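See below for model05.tsv, which holds TSV, N, CA and C atoms.
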chain	number	residue	atom	x	y	z
G	1	MET	N	38.30	-74.44	-61.11
G	1	MET	CA	38.27	-74.24	-59.67
G	1	MET	C	36.94	-73.62	-59.25
G	2	LYS	N	36.21	-73.05	-60.22
G	2	LYS	CA	34.93	-72.43	-59.91
G	2	LYS	C	33.86	-73.51	-59.74
G	3	ILE	N	32.98	-73.32	-58.74
G	3	ILE	CA	31.88	-74.25	-58.51
G	3	ILE	C	30.56	-73.48	-58.58
G	4	ASN	N	29.48	-74.21	-58.85
G	4	ASN	CA	28.18	-73.56	-58.89
G	4	ASN	C	27.54	-73.62	-57.49
G	5	CYS	N	26.38	-73.00	-57.35
G	5	CYS	CA	25.72	-72.90	-56.04
G	5	CYS	C	25.28	-74.26	-55.50
G	6	ASP	N	24.85	-75.16	-56.39
G	6	ASP	CA	24.46	-76.51	-55.94
G	6	ASP	C	25.65	-77.24	-55.34
G	7	GLU	N	26.78	-77.16	-56.00
G	7	GLU	CA	27.99	-77.80	-55.47
G	7	GLU	C	28.41	-77.14	-54.16
G	8	ALA	N	28.27	-75.82	-54.08
G	8	ALA	CA	28.66	-75.10	-52.87
G	8	ALA	C	27.82	-75.53	-51.67
G	9	THR	N	26.51	-75.67	-51.86
G	9	THR	CA	25.66	-76.08	-50.73
G	9	THR	C	25.96	-77.51	-50.30
G	10	THR	N	26.28	-78.37	-51.28
G	10	THR	CA	26.64	-79.74	-50.94
G	10	THR	C	27.92	-79.77	-50.12
G	11	ILE	N	28.92	-79.01	-50.55
G	11	ILE	CA	30.19	-78.96	-49.81
G	11	ILE	C	29.97	-78.32	-48.44
G	12	CYS	N	29.12	-77.31	-48.38
G	12	CYS	CA	28.80	-76.66	-47.11
G	12	CYS	C	28.23	-77.68	-46.12
G	13	ASP	N	27.29	-78.49	-46.60
G	13	ASP	CA	26.70	-79.52	-45.75
G	13	ASP	C	27.75	-80.53	-45.30
G	14	LYS	N	28.60	-80.96	-46.23
G	14	LYS	CA	29.66	-81.91	-45.89
G	14	LYS	C	30.62	-81.30	-44.87
G	15	SER	N	30.90	-80.03	-45.04
G	15	SER	CA	31.82	-79.33	-44.14
G	15	SER	C	31.27	-79.28	-42.72
G	16	GLN	N	29.97	-79.11	-42.59
G	16	GLN	CA	29.33	-79.06	-41.26
G	16	GLN	C	29.60	-80.35	-40.48
G	17	TYR	N	29.70	-81.47	-41.20
G	17	TYR	CA	29.89	-82.76	-40.56
G	17	TYR	C	31.33	-83.28	-40.71
G	18	LYS	N	32.23	-82.36	-41.03
G	18	LYS	CA	33.66	-82.67	-41.14
G	18	LYS	C	33.94	-83.75	-42.18
G	19	GLU	N	33.17	-83.74	-43.27
G	19	GLU	CA	33.34	-84.73	-44.33
G	19	GLU	C	33.92	-84.13	-45.61
G	20	ALA	N	34.14	-82.83	-45.63
G	20	ALA	CA	34.66	-82.16	-46.82
G	20	ALA	C	36.19	-82.21	-46.83
G	21	GLY	N	36.73	-82.40	-48.02
G	21	GLY	CA	38.18	-82.43	-48.18
G	21	GLY	C	38.77	-81.03	-48.21
G	22	PHE	N	40.09	-80.97	-48.16
G	22	PHE	CA	40.81	-79.69	-48.12
G	22	PHE	C	40.48	-78.82	-49.34
G	23	TRP	N	40.56	-79.40	-50.54
G	23	TRP	CA	40.31	-78.62	-51.75
G	23	TRP	C	38.85	-78.21	-51.87
G	24	GLU	N	37.95	-79.06	-51.39
G	24	GLU	CA	36.54	-78.69	-51.40
G	24	GLU	C	36.31	-77.45	-50.52
G	25	ILE	N	36.94	-77.42	-49.38
G	25	ILE	CA	36.79	-76.28	-48.46
G	25	ILE	C	37.38	-75.02	-49.08
G	26	ILE	N	38.50	-75.15	-49.76
G	26	ILE	CA	39.11	-73.99	-50.44
G	26	ILE	C	38.15	-73.45	-51.50
G	27	LYS	N	37.61	-74.35	-52.34
G	27	LYS	CA	36.68	-73.93	-53.39
G	27	LYS	C	35.42	-73.32	-52.78
G	28	LEU	N	34.94	-73.91	-51.69
G	28	LEU	CA	33.75	-73.38	-51.02
G	28	LEU	C	34.00	-71.97	-50.50
G	29	ASN	N	35.13	-71.76	-49.87
G	29	ASN	CA	35.43	-70.43	-49.32
G	29	ASN	C	35.52	-69.37	-50.42
G	30	ILE	N	36.09	-69.74	-51.55
G	30	ILE	CA	36.15	-68.80	-52.68
G	30	ILE	C	34.73	-68.49	-53.15
G	31	HIS	N	33.91	-69.53	-53.28
G	31	HIS	CA	32.53	-69.32	-53.72
G	31	HIS	C	31.76	-68.46	-52.72
G	32	LEU	N	31.92	-68.73	-51.43
G	32	LEU	CA	31.20	-67.97	-50.40
G	32	LEU	C	31.62	-66.50	-50.41
G	33	PHE	N	32.87	-66.24	-50.75
G	33	PHE	CA	33.35	-64.86	-50.85
G	33	PHE	C	32.65	-64.12	-51.99
G	34	LEU	N	32.34	-64.84	-53.06
G	34	LEU	CA	31.76	-64.23	-54.24
G	34	LEU	C	30.23	-64.28	-54.29
G	35	CYS	N	29.61	-65.21	-53.58
G	35	CYS	CA	28.17	-65.43	-53.69
G	35	CYS	C	27.48	-65.12	-52.36
G	36	GLU	N	26.71	-64.06	-52.35
G	36	GLU	CA	26.02	-63.61	-51.14
G	36	GLU	C	24.97	-64.62	-50.67
G	37	LYS	N	24.25	-65.21	-51.61
G	37	LYS	CA	23.19	-66.16	-51.24
G	37	LYS	C	23.76	-67.41	-50.58
G	38	CYS	N	24.84	-67.91	-51.11
G	38	CYS	CA	25.45	-69.10	-50.51
G	38	CYS	C	26.09	-68.77	-49.16
G	39	GLY	N	26.58	-67.55	-49.03
G	39	GLY	CA	27.12	-67.11	-47.74
G	39	GLY	C	26.03	-67.11	-46.69
G	40	LEU	N	24.84	-66.64	-47.05
G	40	LEU	CA	23.70	-66.65	-46.13
G	40	LEU	C	23.29	-68.09	-45.81
G	41	TYR	N	23.28	-68.95	-46.83
G	41	TYR	CA	22.95	-70.36	-46.60
G	41	TYR	C	23.93	-70.98	-45.60
G	42	SER	N	25.20	-70.71	-45.78
G	42	SER	CA	26.22	-71.26	-44.90
G	42	SER	C	26.03	-70.77	-43.47
G	43	LYS	N	25.73	-69.51	-43.32
G	43	LYS	CA	25.51	-68.93	-41.99
G	43	LYS	C	24.29	-69.58	-41.33
G	44	GLN	N	23.19	-69.69	-42.07
G	44	GLN	CA	21.98	-70.30	-41.52
G	44	GLN	C	22.20	-71.78	-41.21
G	45	ASN	N	22.96	-72.46	-42.04
G	45	ASN	CA	23.27	-73.86	-41.81
G	45	ASN	C	24.05	-74.02	-40.50
G	46	GLY	N	24.97	-73.11	-40.25
G	46	GLY	CA	25.73	-73.14	-39.01
G	46	GLY	C	24.86	-72.91	-37.79
G	47	VAL	N	23.93	-71.98	-37.90
G	47	VAL	CA	23.01	-71.70	-36.79
G	47	VAL	C	22.14	-72.92	-36.51
G	48	MET	N	21.62	-73.54	-37.56
G	48	MET	CA	20.78	-74.73	-37.38
G	48	MET	C	21.57	-75.87	-36.72
G	49	THR	N	22.81	-76.05	-37.14
G	49	THR	CA	23.64	-77.10	-36.55
G	49	THR	C	23.89	-76.84	-35.07
G	50	LYS	N	24.19	-75.57	-34.72
G	50	LYS	CA	24.41	-75.23	-33.31
G	50	LYS	C	23.16	-75.46	-32.48
G	51	CYS	N	22.01	-75.08	-33.01
G	51	CYS	CA	20.74	-75.31	-32.30
G	51	CYS	C	20.50	-76.79	-32.11
G	52	TYR	N	20.72	-77.55	-33.16
G	52	TYR	CA	20.52	-79.00	-33.06
G	52	TYR	C	21.45	-79.61	-32.02
G	53	GLU	N	22.71	-79.23	-32.05
G	53	GLU	CA	23.68	-79.77	-31.10
G	53	GLU	C	23.30	-79.42	-29.66
G	54	LYS	N	22.76	-78.23	-29.48
G	54	LYS	CA	22.38	-77.78	-28.14
G	54	LYS	C	21.21	-78.58	-27.58
G	55	TYR	N	20.25	-78.92	-28.45
G	55	TYR	CA	19.02	-79.54	-27.98
G	55	TYR	C	18.92	-81.04	-28.21
G	56	LYS	N	19.89	-81.64	-28.85
G	56	LYS	CA	19.78	-83.08	-29.10
G	56	LYS	C	20.00	-83.85	-27.80
G	57	ASN	N	19.54	-85.06	-27.81
G	57	ASN	CA	19.68	-85.92	-26.65
G	57	ASN	C	21.16	-86.19	-26.41
G	58	LYS	N	21.66	-85.83	-25.25
G	58	LYS	CA	23.09	-85.91	-24.96
G	58	LYS	C	23.64	-87.33	-24.99
G	59	ASN	N	22.95	-88.27	-24.40
G	59	ASN	CA	23.50	-89.62	-24.33
G	59	ASN	C	23.23	-90.46	-25.56
G	60	GLY	N	22.33	-90.03	-26.41
G	60	GLY	CA	22.06	-90.74	-27.66
G	60	GLY	C	21.38	-92.09	-27.49
G	61	ALA	N	21.00	-92.43	-26.27
G	61	ALA	CA	20.42	-93.74	-26.01
G	61	ALA	C	18.99	-93.86	-26.52
G	62	GLU	N	18.23	-92.79	-26.40
G	62	GLU	CA	16.85	-92.86	-26.84
G	62	GLU	C	16.45	-91.57	-27.55
G	63	LYS	N	15.53	-91.69	-28.45
G	63	LYS	CA	15.06	-90.51	-29.17
G	63	LYS	C	13.96	-89.86	-28.35
G	64	ARG	N	13.92	-88.55	-28.41
G	64	ARG	CA	12.83	-87.84	-27.75
G	64	ARG	C	12.50	-86.60	-28.55
G	65	CYS	N	11.33	-86.06	-28.31
G	65	CYS	CA	10.91	-84.83	-28.99
G	65	CYS	C	11.15	-83.65	-28.06
G	66	LEU	N	11.29	-82.49	-28.65
G	66	LEU	CA	11.44	-81.29	-27.86
G	66	LEU	C	10.11	-80.93	-27.21
G	67	CYS	N	10.16	-80.46	-25.98
G	67	CYS	CA	8.94	-79.96	-25.36
G	67	CYS	C	8.64	-78.58	-25.93
G	68	GLU	N	7.46	-78.06	-25.65
G	68	GLU	CA	7.05	-76.77	-26.21
G	68	GLU	C	8.00	-75.64	-25.81
G	69	LYS	N	8.48	-75.66	-24.58
G	69	LYS	CA	9.40	-74.62	-24.10
G	69	LYS	C	10.70	-74.64	-24.91
G	70	GLU	N	11.23	-75.85	-25.15
G	70	GLU	CA	12.46	-75.98	-25.93
G	70	GLU	C	12.26	-75.52	-27.37
G	71	LYS	N	11.09	-75.83	-27.95
G	71	LYS	CA	10.79	-75.39	-29.31
G	71	LYS	C	10.73	-73.87	-29.39
G	72	GLU	N	10.11	-73.24	-28.40
G	72	GLU	CA	10.02	-71.79	-28.38
G	72	GLU	C	11.39	-71.15	-28.23
G	73	GLN	N	12.24	-71.73	-27.35
G	73	GLN	CA	13.60	-71.22	-27.17
G	73	GLN	C	14.39	-71.32	-28.47
G	74	MET	N	14.27	-72.46	-29.15
G	74	MET	CA	14.99	-72.65	-30.40
G	74	MET	C	14.51	-71.65	-31.45
G	75	GLU	N	13.20	-71.45	-31.52
G	75	GLU	CA	12.64	-70.50	-32.47
G	75	GLU	C	13.16	-69.09	-32.20
G	76	GLN	N	13.21	-68.70	-30.94
G	76	GLN	CA	13.70	-67.37	-30.59
G	76	GLN	C	15.18	-67.21	-30.95
G	77	GLU	N	15.96	-68.25	-30.73
G	77	GLU	CA	17.38	-68.20	-31.09
G	77	GLU	C	17.55	-68.05	-32.59
G	78	LEU	N	16.76	-68.78	-33.37
G	78	LEU	CA	16.85	-68.69	-34.82
G	78	LEU	C	16.45	-67.30	-35.31
G	79	ILE	N	15.41	-66.73	-34.73
G	79	ILE	CA	14.97	-65.40	-35.11
G	79	ILE	C	16.01	-64.36	-34.75
G	80	SER	N	16.59	-64.47	-33.58
G	80	SER	CA	17.57	-63.47	-33.13
G	80	SER	C	18.88	-63.54	-33.92
G	81	LYS	N	19.23	-64.69	-34.47
G	81	LYS	CA	20.48	-64.84	-35.24
G	81	LYS	C	20.36	-64.31	-36.65
G	82	ASN	N	19.13	-64.15	-37.14
G	82	ASN	CA	18.93	-63.64	-38.50
G	82	ASN	C	18.53	-62.23	-38.39
Represent the structure of the file as structure tokens.
Amino acid sequence: MKINCDEATTICDKSQYKEAGFWEIIKLNIHLFLCEKCGLYSKQNGVMTKCYEKYKNKNGAEKRCLCEKEKEQMEQELISKN
């Protein structure tokens, strides 16, 4: 039932996109409870996902780049969350 850090980060990434299975999430949670580094990775991964969701193109019709103001706002949010 024990997983290593590489497996934990893979499951963490899958979990962010709702692709992880029930047992994978159970194993991940046990690992995150025991491993401080993976816990930090999971937290940072969540922050990055929230930032991405906030700034991505809502309609998905066309790709665009962030303007400088949006980049600065995102950077400040990332700094303040850590």
* From chain G, collect each residue whose DSSP state is alpha helix (DSSP H) and return the set as a count of residues only. => 59
* Coordinates-based distance that separates atom N of Phe22 in chain G from CA of Gly46 in chain G (Å, one decimal) -> 18.7 Å
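Computed from the coordinates, the CA of Gln76 in chain G to CA of Gly39 in chain G distance equals 21.8 Å.
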* Asked: Nearest to Thr10 in chain G among G:Lys50, G:Lys56, G:Lys71, G:Lys27, with distances taken over only C-alpha atoms: which residue is it?
  ->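 Checking each of G:Lys50, G:Lys56, G:Lys71, G:Lys27 against Thr10 in chain G, counting only C-alpha atoms, the winner is G:Lys27.
Distances to Ile11 in chain G were evaluated for G:Cys35, G:Leu66, G:Leu28, G:Ile79 using only C-alpha atoms, and the minimum falls at G:Leu28.
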* Asked: What does the distance from CA of Ile26 in chain G to atom N of Lys2 in chain G come to in Å, to one decimal?
  ->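 So the two atoms, CA of Ile26 in chain G and atom N of Lys2 in chain G, lie 10.2 Å apart.
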* Surrounding residues of Glu77 in chain G excluding itself and chain neighbours under 4 positions, 12 Å, only C-alpha atoms, as a ChimeraX atom specification -> /G:44,47-48,50-52,54-55,70-73,81-82
